[in-house]
Amino acid sequence: MTFRRYLVLAVVALTAPFGDTLLSLGMKRVGPVSFDHLGTLIHAVATPDILLGIALLICFFASYLASLSWADLTYVLPATSIGNVIVALLARFCLNEQISPWRWVGILLITAGVGFVTQGPSYTEVNEACPVSGTEVSQP
Amino acid sequence: MSFHLPEHGISDAAMIAAIVIFATVGDILIAAAMRGIGDLDDIRACSGLGGAIGAVLGSGRFLFGVFFMALSFFSLLFALSHADLSLVAPASASLTFVTNAVAAKVFLKENVDRRRWVAALFVCAGVALMAL
C-alpha cells in the first residue's frame, strides 16, 4: 500500500458520508414520496442539495472502483468506515454538537475495526478461475 | 383485545432489507468485475484514462453491479423520505458490512480471516451505536 492508495481510501471514506448527508437534507426538503408518485424521485435529483450529494457520490464511486482494483472488498469497506468517525468528530468540534457516550463507544469500535483490518494484507491473490466471472484472474 | 402488527417497524425493516440486499449484490458484482479487470493504475499507465474507463464500462458484470447499486440508491432515497436518516443510514450501512463479508468469502473467495471478521463486526456495531 502506497501513500497515494491510502489517499484514494481517504477520498472513499469522506465523500460517502458527506454525500449521504446532503441526500438526506435534500429528501427532507422534497418530502415524503409515495408509490403513486415515484416520478418525484426523478425531480428530486434536480435540487441543489441532492445534486451536490450526487457529485460527491460520483467522486466516491470513482475512487471506490479504483480501490477495488487493488484491494479486497472486505479490506476497503471496513478501512473506509473511518469517514463516519471523522464526520462525527467534525460535528462535535466544529458544530459543537453533543456526542452521547454510546456514540463515543461506536467511534472507538469503528476506529479499532479500521486499525485491525489495515494491519493485515489488502489483497487476496486468487489463482483459480474467478467463481463469479468464470474467467482467470491475472496475476501482477 | 386486538393485536396490531407494528406496521411502521415492518415497513422500515423491509426498506432497510431492500437497501442491504441490493447494495450487497451490487458490491459483489462490482468487486468481481474490478478483480477481473485488474489494477486500474496499471491499465491507465498502459492505455491512458480512456482505456481504464473503457475497460470498466466494457464489463458486463460491472454494468449489472451498477444496476443493483442504482436500485439500492433509489431504495435509500425512498426510505429516507419515510424514515429518519439516523435509523436508515446506520442500520443499512452496518448490516451491509456483515452481508458483504459473508458474500465476499462465498462468492469472491476472499481471505476473510479472523482479523477481517473482527473488523467487520466492530465496524458494524460501531456504525449502529453511532445512531444512538
# chains A, B, ... in the order shown; residues from 1 in each chain; ligands from 1
>>> interface_residues(of="chain B", to="chain A", cutoff="7 Å", atoms="only C-alpha atoms", output="compact mmCIF listing (two decimals) with N, CA and C atoms, in the first residue's frame")
# COMPACT_ATOMS: atom_id res chain seq x y z
N ALA B 31 -17.10 -5.66 -7.32
CA ALA B 31 -15.79 -6.13 -6.85
C ALA B 31 -15.28 -7.26 -7.76
N ALA B 32 -16.19 -8.16 -8.18
CA ALA B 32 -15.79 -9.24 -9.09
C ALA B 32 -15.33 -8.67 -10.43
N MET B 34 -14.05 -5.63 -10.98
CA MET B 34 -12.78 -4.93 -10.83
C MET B 34 -11.63 -5.92 -10.65
N ARG B 35 -11.92 -7.03 -9.97
CA ARG B 35 -10.89 -8.06 -9.79
C ARG B 35 -10.53 -8.67 -11.15
N GLY B 36 -11.56 -8.89 -11.98
CA GLY B 36 -11.31 -9.44 -13.32
C GLY B 36 -10.57 -8.47 -14.23
N GLY B 38 -8.48 -5.98 -13.29
CA GLY B 38 -7.10 -5.78 -12.85
C GLY B 38 -6.86 -4.37 -12.34
N ASP B 39 -5.61 -4.10 -11.96
CA ASP B 39 -5.25 -2.82 -11.35
C ASP B 39 -5.48 -1.67 -12.33
N LEU B 40 -6.35 -0.75 -11.97
CA LEU B 40 -6.67 0.37 -12.86
C LEU B 40 -5.47 1.29 -13.07
N PHE B 78 -36.01 6.46 -1.30
CA PHE B 78 -37.39 6.16 -0.91
C PHE B 78 -37.50 6.03 0.60
N LEU B 80 -35.45 7.24 2.89
CA LEU B 80 -35.16 8.50 3.59
C LEU B 80 -36.37 9.43 3.59
N SER B 81 -37.25 9.25 2.61
CA SER B 81 -38.43 10.12 2.57
C SER B 81 -39.50 9.64 3.54
N HIS B 82 -39.31 8.42 4.11
CA HIS B 82 -40.29 7.88 5.05
C HIS B 82 -39.75 7.72 6.47
N LEU B 85 -32.99 9.48 8.86
CA LEU B 85 -31.63 9.15 8.44
C LEU B 85 -30.91 8.41 9.55
N ALA B 101 -19.22 -9.20 3.96
CA ALA B 101 -18.13 -10.08 4.40
C ALA B 101 -18.48 -11.53 4.07
N ALA B 104 -18.51 -11.91 0.19
CA ALA B 104 -17.15 -11.84 -0.38
C ALA B 104 -16.41 -13.15 -0.15
N PHE B 107 -18.57 -15.85 -2.54
CA PHE B 107 -18.57 -15.67 -4.00
C PHE B 107 -17.23 -15.20 -4.56
N LEU B 108 -16.52 -14.38 -3.82
CA LEU B 108 -15.24 -13.86 -4.34
C LEU B 108 -14.05 -14.64 -3.82
N GLU B 110 -12.59 -14.36 -1.07
CA GLU B 110 -11.61 -13.51 -0.38
C GLU B 110 -11.17 -14.17 0.92
N ASN B 111 -9.97 -13.88 1.32
CA ASN B 111 -9.43 -14.44 2.56
C ASN B 111 -9.95 -13.63 3.74
N ARG B 115 -9.05 -11.55 11.59
CA ARG B 115 -8.83 -10.11 11.69
C ARG B 115 -9.94 -9.34 10.95
N ARG B 116 -10.31 -9.85 9.75
CA ARG B 116 -11.34 -9.14 8.97
C ARG B 116 -12.73 -9.34 9.55
N VAL B 118 -13.39 -9.73 12.74
CA VAL B 118 -13.44 -8.84 13.92
C VAL B 118 -13.64 -7.40 13.46
N ALA B 119 -12.90 -7.00 12.41
CA ALA B 119 -13.03 -5.64 11.90
C ALA B 119 -14.45 -5.38 11.42
N ALA B 120 -15.01 -6.34 10.65
CA ALA B 120 -16.36 -6.15 10.11
C ALA B 120 -17.39 -6.03 11.24
N PHE B 122 -16.79 -5.21 14.48
CA PHE B 122 -16.56 -3.97 15.24
C PHE B 122 -17.16 -2.77 14.51
N VAL B 123 -16.91 -2.70 13.20
CA VAL B 123 -17.41 -1.56 12.42
C VAL B 123 -18.94 -1.61 12.37
N ALA B 125 -21.02 -2.92 14.60
CA ALA B 125 -21.54 -2.48 15.91
C ALA B 125 -21.30 -0.98 16.09
N GLY B 126 -20.13 -0.52 15.69
CA GLY B 126 -19.80 0.89 15.85
C GLY B 126 -20.73 1.80 15.06
N VAL B 127 -21.01 1.42 13.82
CA VAL B 127 -21.90 2.23 12.98
C VAL B 127 -23.31 2.25 13.59
N LEU B 129 -24.05 1.91 16.79
CA LEU B 129 -24.01 2.74 18.01
C LEU B 129 -23.95 4.23 17.69
N MET B 130 -23.39 4.57 16.53
CA MET B 130 -23.30 5.98 16.16
C MET B 130 -24.68 6.62 16.00
N LEU B 132 -27.12 6.18 18.07
CA LEU B 132 -27.76 6.41 19.38
C LEU B 132 -27.54 7.83 19.87
>>> atom_distance(atom1="atom CA of Gly26 of chain B", atom2="atom CA of Phe68 of chain B")
4.8 Å
>>> atom_distance(atom1="atom CA of Trp117 of chain B", atom2="atom CA of Ile86 of chain A")
22.7 Å
>>> residues_around(residues="segment 48-58 of chain B", least_positions_apart="4", cutoff="8 Å", atoms="only C-alpha atoms", output="mmCIF file with C-alpha atoms, in the first residue's frame")
data_model
loop_
_atom_site.group_PDB
_atom_site.id
_atom_site.type_symbol
_atom_site.label_atom_id
_atom_site.label_comp_id
_atom_site.auth_asym_id
_atom_site.auth_seq_id
_atom_site.Cartn_x
_atom_site.Cartn_y
_atom_site.Cartn_z
ATOM 1 C CA ALA B 33 -15.680 -7.020 -12.176
ATOM 2 C CA MET B 34 -12.778 -4.929 -10.830
ATOM 3 C CA ILE B 37 -10.252 -6.161 -14.963
ATOM 4 C CA LEU B 40 -6.672 0.374 -12.864
ATOM 5 C CA ILE B 43 -4.275 -0.060 -17.176
ATOM 6 C CA ARG B 44 -4.144 3.743 -17.057
ATOM 7 C CA PHE B 62 -19.792 -4.036 -13.720
ATOM 8 C CA LEU B 63 -22.928 -2.796 -15.509
#
>>> select_by_dssp(residues="chain A", states="alpha helix (DSSP H)", output="ChimeraX atom specification")
/A:3-30,39-44,48-68,73-80,82-93,101-118
